[in-house]
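> Dropping in start_20.cif, which is mmCIF, C-alpha atoms:
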```cif
data_target
loop_
_atom_site.label_atom_id
_atom_site.label_comp_id
_atom_site.auth_asym_id
_atom_site.auth_seq_id
_atom_site.Cartn_x
_atom_site.Cartn_y
_atom_site.Cartn_z
CA MET R 1 44.11 37.75 92.51
CA ARG R 2 47.71 37.70 91.36
CA THR R 3 49.99 34.67 91.18
CA TRP R 4 53.40 34.29 89.62
CA VAL R 5 56.66 32.34 89.51
CA THR R 6 59.88 34.33 89.69
CA HIS R 7 63.66 34.04 89.53
CA ASP R 8 63.99 37.27 91.51
CA VAL R 9 64.13 38.01 95.22
CA ILE R 10 60.62 38.12 96.69
CA ASP R 11 59.63 41.38 98.37
CA PRO R 12 57.05 40.42 101.03
CA ALA R 13 55.69 43.95 101.25
CA ALA R 14 54.98 43.95 97.53
CA VAL R 15 53.07 40.66 97.82
CA LEU R 16 51.06 41.99 100.75
CA ALA R 17 50.31 45.15 98.78
CA GLU R 18 48.52 42.99 96.17
CA VAL R 19 45.71 42.24 98.63
CA GLY R 20 43.50 44.26 100.91
CA ALA R 21 40.33 46.26 100.37
CA PRO R 22 38.37 48.89 102.29
CA GLU R 23 35.88 46.24 103.42
CA HIS R 24 38.64 43.88 104.60
CA GLY R 25 39.62 43.83 108.26
CA ALA R 26 42.31 41.14 108.06
CA ALA R 27 45.37 40.39 105.97
CA VAL R 28 47.59 37.32 106.44
CA LEU R 29 51.09 37.02 104.99
CA PHE R 30 52.89 33.66 104.94
CA LEU R 31 56.55 33.34 104.00
CA GLY R 32 58.32 30.07 103.33
CA THR R 33 62.04 30.49 103.99
CA VAL R 34 65.14 28.36 103.52
CA ARG R 35 66.04 26.60 106.76
CA ASP R 36 69.65 25.98 107.81
CA HIS R 37 69.08 22.33 108.71
CA ASN R 38 67.08 19.32 107.60
CA GLU R 39 67.07 15.79 108.98
CA GLY R 40 70.09 16.51 111.12
CA ARG R 41 72.23 18.02 108.36
CA ALA R 42 73.51 21.57 107.92
CA VAL R 43 71.95 23.12 104.80
CA VAL R 44 73.77 25.90 102.94
CA SER R 45 71.27 26.55 100.17
CA ILE R 46 68.37 25.04 98.27
CA ARG R 47 68.07 25.04 94.52
CA TYR R 48 64.42 25.24 93.52
CA GLU R 49 63.53 23.91 90.11
CA ALA R 50 60.11 24.24 88.50
CA TYR R 51 58.25 23.21 85.39
CA GLU R 52 57.69 26.91 85.15
CA ALA R 53 54.84 27.18 82.67
CA MET R 54 52.86 24.50 84.48
CA ALA R 55 53.76 25.84 87.93
CA ALA R 56 52.39 29.25 86.96
CA ARG R 57 49.21 27.59 85.76
CA VAL R 58 48.78 25.36 88.83
CA LEU R 59 49.49 28.27 91.15
CA ALA R 60 46.72 30.27 89.46
CA GLU R 61 44.33 27.28 89.66
CA THR R 62 44.99 26.62 93.34
CA ALA R 63 44.57 30.30 94.16
CA ALA R 64 41.29 30.44 92.24
CA GLU R 65 40.04 27.38 94.13
CA ALA R 66 41.07 28.90 97.46
CA ALA R 67 39.39 32.19 96.55
CA ALA R 68 36.15 30.34 95.77
CA ARG R 69 35.99 29.25 99.43
CA VAL R 70 35.19 32.77 100.64
CA PRO R 71 33.39 35.39 98.55
CA GLY R 72 35.36 38.61 98.22
CA VAL R 73 38.66 37.26 99.52
CA ARG R 74 41.81 38.60 97.82
CA ILE R 75 44.88 36.46 97.21
CA ALA R 76 48.44 36.94 96.01
CA ALA R 77 50.99 34.11 95.78
CA VAL R 78 54.49 33.85 94.36
CA HIS R 79 56.99 31.00 94.25
CA ARG R 80 60.67 31.62 93.58
CA VAL R 81 62.99 29.31 91.64
CA GLY R 82 66.78 29.18 91.47
CA GLU R 83 69.39 28.87 94.19
CA LEU R 84 68.32 30.37 97.52
CA ARG R 85 70.52 30.80 100.56
CA VAL R 86 69.44 30.20 104.16
CA GLY R 87 66.80 32.74 105.20
CA GLU R 88 65.71 33.70 101.71
CA VAL R 89 62.01 33.60 100.86
CA SER R 90 60.96 30.78 98.53
CA LEU R 91 57.20 31.25 98.75
CA ALA R 92 54.93 34.11 99.76
CA VAL R 93 51.16 33.92 100.14
CA ALA R 94 49.02 36.91 101.10
CA VAL R 95 45.30 36.72 101.77
CA SER R 96 42.90 39.42 102.87
CA SER R 97 39.26 39.13 103.84
CA ALA R 98 36.61 40.76 105.93
CA HIS R 99 37.54 38.75 109.04
CA ARG R 100 40.68 36.98 110.26
CA ALA R 101 39.30 33.45 110.46
CA GLU R 102 38.64 33.29 106.70
CA ALA R 103 42.00 34.88 105.89
CA PHE R 104 43.87 32.24 107.90
CA ASP R 105 41.69 29.43 106.54
CA VAL R 106 42.14 30.43 102.90
CA ALA R 107 45.89 30.97 103.32
CA ARG R 108 46.33 27.59 105.01
CA HIS R 109 44.26 25.80 102.39
CA LEU R 110 46.18 27.42 99.54
CA LEU R 111 49.53 26.54 101.11
CA GLU R 112 48.62 22.90 101.48
CA GLU R 113 47.44 22.70 97.85
CA ILE R 114 50.61 24.41 96.63
CA LYS R 115 52.70 21.82 98.45
CA ARG R 116 50.59 18.98 97.06
CA ARG R 117 50.35 20.07 93.43
CA LEU R 118 52.88 22.68 92.32
CA PRO R 119 55.48 21.09 89.99
CA VAL R 120 58.46 22.38 91.95
CA TRP R 121 61.41 20.41 93.32
CA LYS R 122 64.16 21.26 95.76
CA GLU R 123 67.74 20.14 95.86
CA GLU R 124 69.42 20.74 99.19
CA ARG R 125 73.10 21.63 99.25
CA TYR R 126 74.93 20.73 102.42
CA ALA R 127 77.85 22.15 104.36
CA GLU R 128 79.90 19.07 103.40
CA GLY R 129 79.51 19.92 99.71
CA ASP R 130 77.10 17.19 98.63
CA ARG R 131 73.53 17.71 97.43
CA ARG R 132 70.27 15.78 97.39
CA TRP R 133 66.79 16.07 95.85
CA LEU R 134 64.26 16.09 98.67
CA GLU R 135 61.57 13.45 98.79
CA GLY R 136 58.32 15.07 97.75
CA GLN R 137 54.65 14.23 97.60
CA THR R 138 53.12 12.39 94.69
CA PRO R 139 50.79 14.92 93.07
CA PRO R 140 47.12 13.92 92.70
CA VAL R 141 46.28 12.91 89.14
CA PRO R 142 42.78 12.38 87.74
CA GLN R 143 41.41 8.85 88.01
CA GLU R 144 40.01 8.81 84.50
CA ALA R 145 41.26 9.90 81.11
CA GLY R 146 40.18 13.48 80.58
CA ARG R 147 40.41 13.71 76.79
CA MET D 1 53.11 10.06 66.51
CA ARG D 2 55.81 12.15 68.11
CA VAL D 3 55.58 13.90 71.46
CA ARG D 4 57.92 16.33 73.16
CA LEU D 5 59.03 14.92 76.51
CA LEU D 6 60.21 17.08 79.40
CA LEU D 7 62.09 15.70 82.39
CA PHE D 8 62.75 17.46 85.68
CA ALA D 9 64.78 17.11 88.87
CA GLN D 10 65.60 13.51 89.80
CA TYR D 11 64.10 12.12 86.59
CA ARG D 12 66.26 14.41 84.48
CA ASP D 13 69.31 13.32 86.44
CA LEU D 14 68.43 9.65 85.90
CA ALA D 15 67.82 10.11 82.17
CA GLY D 16 70.71 12.50 81.59
CA THR D 17 68.56 14.84 79.51
CA SER D 18 65.86 17.42 80.15
CA GLU D 19 64.02 17.19 76.85
CA LEU D 20 63.63 14.78 73.94
CA GLU D 21 61.31 13.83 71.13
CA VAL D 22 59.73 10.40 71.51
CA GLU D 23 58.15 8.36 68.74
CA LEU D 24 55.12 6.38 69.91
CA PRO D 25 52.65 4.00 68.27
CA ASP D 26 49.20 5.36 67.49
CA GLY D 27 46.88 4.78 70.43
CA ALA D 28 49.66 5.33 72.94
CA THR D 29 48.66 6.56 76.38
CA ALA D 30 50.57 8.32 79.14
CA ALA D 31 51.31 4.90 80.62
CA THR D 32 52.60 3.64 77.25
CA LEU D 33 55.07 6.50 77.16
CA VAL D 34 56.41 5.68 80.63
CA ASP D 35 56.79 2.01 79.62
CA VAL D 36 58.57 2.93 76.38
CA LEU D 37 60.97 5.17 78.26
CA ARG D 38 61.71 2.62 80.97
CA SER D 39 62.53 0.00 78.35
CA ARG D 40 65.24 2.24 76.88
CA GLY D 41 67.63 1.58 79.77
CA GLY D 42 70.49 4.00 80.28
CA GLY D 43 68.97 5.34 83.50
CA PHE D 44 65.41 5.63 82.14
CA GLU D 45 64.62 2.24 83.69
CA ARG D 46 65.00 3.83 87.14
CA ILE D 47 62.10 6.21 86.53
CA PRO D 48 59.17 4.70 88.47
CA ALA D 49 56.48 2.90 86.46
CA ALA D 50 53.92 4.93 88.41
CA ALA D 51 55.52 8.30 87.63
CA ALA D 52 52.98 11.15 87.45
CA VAL D 53 52.44 12.52 83.96
CA ALA D 54 51.33 15.93 82.76
CA VAL D 55 50.12 16.54 79.20
CA ASN D 56 50.17 20.10 77.95
CA GLN D 57 50.73 21.28 81.53
CA GLU D 58 47.89 19.38 83.18
CA TYR D 59 48.09 16.26 85.32
CA VAL D 60 46.50 13.28 83.55
CA SER D 61 45.52 9.72 84.42
CA PRO D 62 47.77 6.92 83.07
CA ASP D 63 45.15 5.83 80.50
CA THR D 64 44.96 9.26 78.88
CA PRO D 65 45.59 8.99 75.13
CA LEU D 66 48.45 11.04 73.70
CA ARG D 67 48.35 12.99 70.46
CA ASP D 68 50.97 14.01 67.96
CA GLY D 69 52.73 17.17 69.13
CA ASP D 70 51.76 16.90 72.80
CA GLU D 71 54.08 18.34 75.42
CA VAL D 72 54.40 15.54 77.96
CA ALA D 73 56.22 15.87 81.27
CA LEU D 74 57.15 13.28 83.86
CA ILE D 75 56.56 14.84 87.24
CA PRO D 76 58.65 13.57 90.18
CA PRO D 77 57.05 13.84 93.63
CA VAL D 78 56.67 17.57 94.17
CA ALA D 79 58.36 19.56 96.92
CA GLY D 80 57.42 23.20 96.56
CA GLY D 81 57.02 25.70 99.35
#
```
Any chance you could give the structure as C-alpha coordinates?

Amino acid sequence: MRTWVTHDVIDPAAVLAEVGAPEHGAAVLFLGTVRDHNEGRAVVSIRYEAYEAMAARVLAETAAEAAARVPGVRIAAVHRVGELRVGEVSLAVAVSSAHRAEAFDVARHLLEEIKRRLPVWKEERYAEGDRRWLEGQTPPVPQEAGR
Amino acid sequence: MRVRLLLFAQYRDLAGTSELEVELPDGATAATLVDVLRSRGGGFERIPAAAAVAVNQEYVSPDTPLRDGDEVALIPPVAGG
(Lines of atoms letter the chains of each structure in order from A and count residues from 1; the text may use other names and numbers.)
(Lines give C-alpha, C1' and ligand atoms only; values in the text may rest on other atoms or scores of the structure.)
Protein backbone atom coordinates (compact mmCIF):
# COMPACT_ATOMS: atom_id res chain seq x y z
CA MET A 1 0.00 0.00 0.00
CA ARG A 2 1.31 3.43 -0.86
CA THR A 3 -0.42 6.75 -0.17
CA TRP A 4 0.90 10.27 -0.48
CA VAL A 5 0.07 13.96 -0.89
CA THR A 6 1.92 15.86 -3.60
CA HIS A 7 2.42 19.30 -5.10
CA ASP A 8 3.51 17.72 -8.38
CA VAL A 9 1.59 16.57 -11.45
CA ILE A 10 0.13 13.10 -10.88
CA ASP A 11 1.23 10.42 -13.34
CA PRO A 12 -1.66 7.92 -13.48
CA ALA A 13 0.55 5.17 -14.90
CA ALA A 14 2.92 5.51 -11.95
CA VAL A 15 0.02 5.18 -9.49
CA LEU A 16 -1.29 2.12 -11.31
CA ALA A 17 2.21 0.63 -11.28
CA GLU A 18 2.09 0.66 -7.45
CA VAL A 19 -0.55 -2.09 -7.45
CA GLY A 20 -0.96 -5.45 -9.10
CA ALA A 21 0.35 -8.91 -8.30
CA PRO A 22 0.67 -12.22 -10.14
CA GLU A 23 -2.40 -13.55 -8.33
CA HIS A 24 -4.48 -10.45 -9.19
CA GLY A 25 -6.78 -10.52 -12.18
CA ALA A 26 -8.19 -6.99 -11.87
CA ALA A 27 -6.85 -3.48 -11.43
CA VAL A 28 -9.04 -0.36 -11.16
CA LEU A 29 -7.73 3.17 -11.63
CA PHE A 30 -9.85 6.17 -10.64
CA LEU A 31 -8.87 9.73 -11.52
CA GLY A 32 -10.52 12.83 -10.12
CA THR A 33 -10.06 15.71 -12.57
CA VAL A 34 -10.80 19.42 -12.55
CA ARG A 35 -14.10 20.13 -14.29
CA ASP A 36 -14.68 23.25 -16.39
CA HIS A 37 -18.02 24.09 -14.79
CA ASN A 38 -19.80 23.91 -11.46
CA GLU A 39 -23.28 25.05 -10.52
CA GLY A 40 -23.70 26.82 -13.83
CA ARG A 41 -20.42 28.74 -13.70
CA ALA A 42 -17.33 28.46 -15.91
CA VAL A 43 -14.38 27.24 -13.82
CA VAL A 44 -10.82 28.12 -14.87
CA SER A 45 -8.91 26.37 -12.11
CA ILE A 46 -9.21 24.99 -8.60
CA ARG A 47 -6.75 25.69 -5.83
CA TYR A 48 -6.53 22.69 -3.53
CA GLU A 49 -5.37 23.35 -0.01
CA ALA A 50 -4.60 20.65 2.55
CA TYR A 51 -3.58 20.28 6.16
CA GLU A 52 -0.81 18.28 4.60
CA ALA A 53 0.58 16.32 7.53
CA MET A 54 -2.90 15.28 8.63
CA ALA A 55 -4.07 14.61 5.08
CA ALA A 56 -1.17 12.22 4.56
CA ARG A 57 -2.08 10.47 7.79
CA VAL A 58 -5.83 10.26 7.04
CA LEU A 59 -5.14 9.04 3.52
CA ALA A 60 -3.00 6.22 4.93
CA GLU A 61 -5.69 5.37 7.52
CA THR A 62 -8.52 5.28 4.98
CA ALA A 63 -6.45 3.14 2.63
CA ALA A 64 -5.59 0.72 5.45
CA GLU A 65 -9.29 0.46 6.35
CA ALA A 66 -10.23 -0.14 2.72
CA ALA A 67 -7.50 -2.77 2.38
CA ALA A 68 -8.85 -4.59 5.44
CA ARG A 69 -12.10 -5.21 3.54
CA VAL A 70 -10.47 -7.71 1.17
CA PRO A 71 -7.46 -9.85 2.08
CA GLY A 72 -4.58 -9.43 -0.35
CA VAL A 73 -5.90 -6.32 -2.09
CA ARG A 74 -3.29 -3.72 -3.09
CA ILE A 75 -3.95 0.01 -2.96
CA ALA A 76 -2.23 3.21 -4.05
CA ALA A 77 -3.73 6.68 -3.57
CA VAL A 78 -2.41 10.19 -4.08
CA HIS A 79 -4.01 13.60 -3.64
CA ARG A 80 -2.52 16.70 -5.23
CA VAL A 81 -2.54 20.20 -3.73
CA GLY A 82 -1.91 23.59 -5.31
CA GLU A 83 -3.54 25.29 -8.28
CA LEU A 84 -4.83 22.87 -10.92
CA ARG A 85 -6.19 23.82 -14.31
CA VAL A 86 -9.20 22.21 -16.00
CA GLY A 87 -8.47 18.57 -16.85
CA GLU A 88 -5.61 18.12 -14.41
CA VAL A 89 -5.72 15.16 -12.03
CA SER A 90 -6.38 16.05 -8.39
CA LEU A 91 -6.80 12.53 -7.03
CA ALA A 92 -5.75 9.08 -8.20
CA VAL A 93 -6.74 5.79 -6.60
CA ALA A 94 -5.55 2.41 -7.87
CA VAL A 95 -6.73 -0.90 -6.49
CA SER A 96 -5.88 -4.42 -7.58
CA SER A 97 -7.33 -7.70 -6.40
CA ALA A 98 -7.95 -11.24 -7.49
CA HIS A 99 -11.34 -10.36 -9.03
CA ARG A 100 -12.94 -7.20 -10.41
CA ALA A 101 -15.86 -6.94 -8.00
CA GLU A 102 -13.58 -6.49 -4.97
CA ALA A 103 -11.34 -4.04 -6.83
CA PHE A 104 -14.31 -1.81 -7.70
CA ASP A 105 -15.79 -2.16 -4.21
CA VAL A 106 -12.57 -1.26 -2.42
CA ALA A 107 -11.86 1.66 -4.76
CA ARG A 108 -15.37 3.05 -4.34
CA HIS A 109 -15.26 2.68 -0.57
CA LEU A 110 -11.88 4.39 -0.34
CA LEU A 111 -13.02 7.27 -2.55
CA GLU A 112 -16.07 7.94 -0.42
CA GLU A 113 -13.99 7.92 2.78
CA ILE A 114 -11.42 10.26 1.23
CA LYS A 115 -14.18 12.71 0.36
CA ARG A 116 -15.66 12.44 3.86
CA ARG A 117 -12.49 12.70 5.93
CA LEU A 118 -9.44 14.07 4.11
CA PRO A 119 -8.63 17.60 5.38
CA VAL A 120 -8.52 19.13 1.91
CA TRP A 121 -10.39 22.18 0.62
CA LYS A 122 -10.96 23.59 -2.83
CA GLU A 123 -11.27 27.14 -3.98
CA GLU A 124 -12.78 27.49 -7.43
CA ARG A 125 -11.58 30.29 -9.68
CA TYR A 126 -14.06 31.45 -12.27
CA ALA A 127 -13.85 32.89 -15.77
CA GLU A 128 -15.13 36.22 -14.40
CA GLY A 129 -12.11 36.47 -12.10
CA ASP A 130 -13.76 35.81 -8.73
CA ARG A 131 -13.16 32.80 -6.50
CA ARG A 132 -15.05 30.80 -3.90
CA TRP A 133 -14.38 28.05 -1.35
CA LEU A 134 -16.64 25.12 -2.14
CA GLU A 135 -19.08 23.88 0.45
CA GLY A 136 -17.73 20.64 1.84
CA GLN A 137 -18.83 17.85 4.13
CA THR A 138 -18.48 18.05 7.87
CA PRO A 139 -15.93 15.36 8.74
CA PRO A 140 -17.00 12.70 11.26
CA VAL A 141 -15.50 13.31 14.69
CA PRO A 142 -15.52 10.85 17.60
CA GLN A 143 -18.48 11.10 19.95
CA GLU A 144 -16.40 10.80 23.09
CA ALA A 145 -13.14 12.29 24.29
CA GLY A 146 -10.36 9.96 23.25
CA ARG A 147 -7.63 11.03 25.66
CA MET B 1 -1.39 26.25 28.86
CA ARG B 2 -0.51 27.29 25.35
CA VAL B 3 -1.51 25.49 22.17
CA ARG B 4 -0.49 26.04 18.58
CA LEU B 5 -3.57 26.75 16.47
CA LEU B 6 -3.73 26.12 12.72
CA LEU B 7 -6.43 27.58 10.49
CA PHE B 8 -7.24 26.56 6.93
CA ALA B 9 -9.29 27.65 3.93
CA GLN B 10 -12.41 29.65 4.83
CA TYR B 11 -11.52 29.76 8.53
CA ARG B 12 -8.09 31.21 7.76
CA ASP B 13 -9.71 33.82 5.54
CA LEU B 14 -12.16 34.76 8.31
CA ALA B 15 -9.44 34.98 10.95
CA GLY B 16 -6.85 36.63 8.72
CA THR B 17 -4.10 34.29 9.93
CA SER B 18 -3.08 30.69 9.36
CA GLU B 19 -1.35 30.04 12.66
CA LEU B 20 -1.22 31.47 16.17
CA GLU B 21 -0.41 30.58 19.75
CA VAL B 22 -3.42 30.57 22.06
CA GLU B 23 -3.31 30.77 25.85
CA LEU B 24 -6.02 28.68 27.52
CA PRO B 25 -7.06 27.97 31.10
CA ASP B 26 -6.11 24.60 32.54
CA GLY B 27 -8.86 22.08 31.88
CA ALA B 28 -9.68 23.62 28.52
CA THR B 29 -11.23 21.34 25.91
CA ALA B 30 -11.49 21.54 22.14
CA ALA B 31 -14.85 23.26 22.60
CA THR B 32 -13.31 25.79 25.03
CA LEU B 33 -10.77 26.73 22.39
CA VAL B 34 -13.47 27.36 19.77
CA ASP B 35 -15.40 29.50 22.28
CA VAL B 36 -12.29 31.49 23.21
CA LEU B 37 -11.52 32.14 19.56
CA ARG B 38 -15.07 33.17 18.69
CA SER B 39 -15.10 35.67 21.55
CA ARG B 40 -12.05 37.44 20.10
CA GLY B 41 -14.08 39.06 17.31
CA GLY B 42 -12.20 40.38 14.30
CA GLY B 43 -13.61 37.67 12.05
CA PHE B 44 -13.07 34.81 14.51
CA GLU B 45 -16.69 35.17 15.62
CA ARG B 46 -17.77 33.93 12.17
CA ILE B 47 -16.10 30.56 12.68
CA PRO B 48 -18.97 28.16 13.51
CA ALA B 49 -19.36 27.11 17.15
CA ALA B 50 -19.60 23.52 15.90
CA ALA B 51 -16.36 23.67 13.88
CA ALA B 52 -14.58 20.31 13.67
CA VAL B 53 -11.34 20.15 15.64
CA ALA B 54 -8.23 18.04 15.16
CA VAL B 55 -5.61 17.65 17.90
CA ASN B 56 -2.18 16.50 16.83
CA GLN B 57 -3.62 15.56 13.43
CA GLU B 58 -6.56 13.48 14.63
CA TYR B 59 -10.22 14.44 14.72
CA VAL B 60 -11.47 14.78 18.30
CA SER B 61 -14.80 15.21 20.06
CA PRO B 62 -15.57 18.71 21.46
CA ASP B 63 -15.08 17.55 25.07
CA THR B 64 -11.53 16.34 24.46
CA PRO B 65 -9.12 17.97 26.93
CA LEU B 66 -6.22 19.94 25.49
CA ARG B 67 -2.66 19.85 26.76
CA ASP B 68 0.17 22.34 26.73
CA GLY B 69 1.97 22.22 23.39
CA ASP B 70 -0.83 20.55 21.42
CA GLU B 71 -1.15 21.28 17.71
CA VAL B 72 -4.83 22.10 17.29
CA ALA B 73 -6.50 22.69 13.94
CA LEU B 74 -9.97 23.94 13.09
CA ILE B 75 -11.17 21.90 10.15
CA PRO B 76 -13.72 23.50 7.80
CA PRO B 77 -16.08 21.12 5.99
CA VAL B 78 -13.78 19.05 3.78
CA ALA B 79 -13.90 18.97 -0.01
CA GLY B 80 -11.16 16.70 -1.27
CA GLY B 81 -11.26 14.58 -4.38
> Hey, list the chain R side of the contact with chain D: 9 Å cut-off, only C-alpha atoms, answer as a PyMOL selection string.
chain R and resi 31-33+48-51+53-55+57-58+79+90-92+111+114-123+133-147
> Can you work out which one of D:Gly16, D:Pro25, D:Val72, D:Val3 has the shortest atom-to-atom distance to Gly41 of chain D, counting all atoms listed in the file?
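Looking only at the distances to Gly41 of chain D, the closest residue turns out to be D:Gly16.
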> Any chance you could work out the residue set of the PyMOL selection byres ((chain D and resi 19) around 9) here, as number ranges by chain?
D: 4-8, 12, 17-18, 20-21
> Quick one: which residues end up in the PyMOL selection byres ((chain R and resi 124) around 12) for this structure, as an MDAnalysis selection string?
(chainID R and resid 34:39 41:49 82:86 121:123 125:135) or (chainID D and resid 9 79)
> List every protein, DNA or RNA residue that has at least one atom no more than 8 Å from (51.7, 39.3, 98.9) in the file's coordinates, counting all atoms listed in the file, and write the result as a list in words.
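Within 8 Å of (51.7, 39.3, 98.9), the protein and nucleic acid residues are Pro12, Ala13, Ala14, Val15, Leu16, Ala17, Glu18, Val19, Leu29, Ile75, Ala76, Ala77, Val78, Ala92, Val93, Ala94 and Val95 of chain R.
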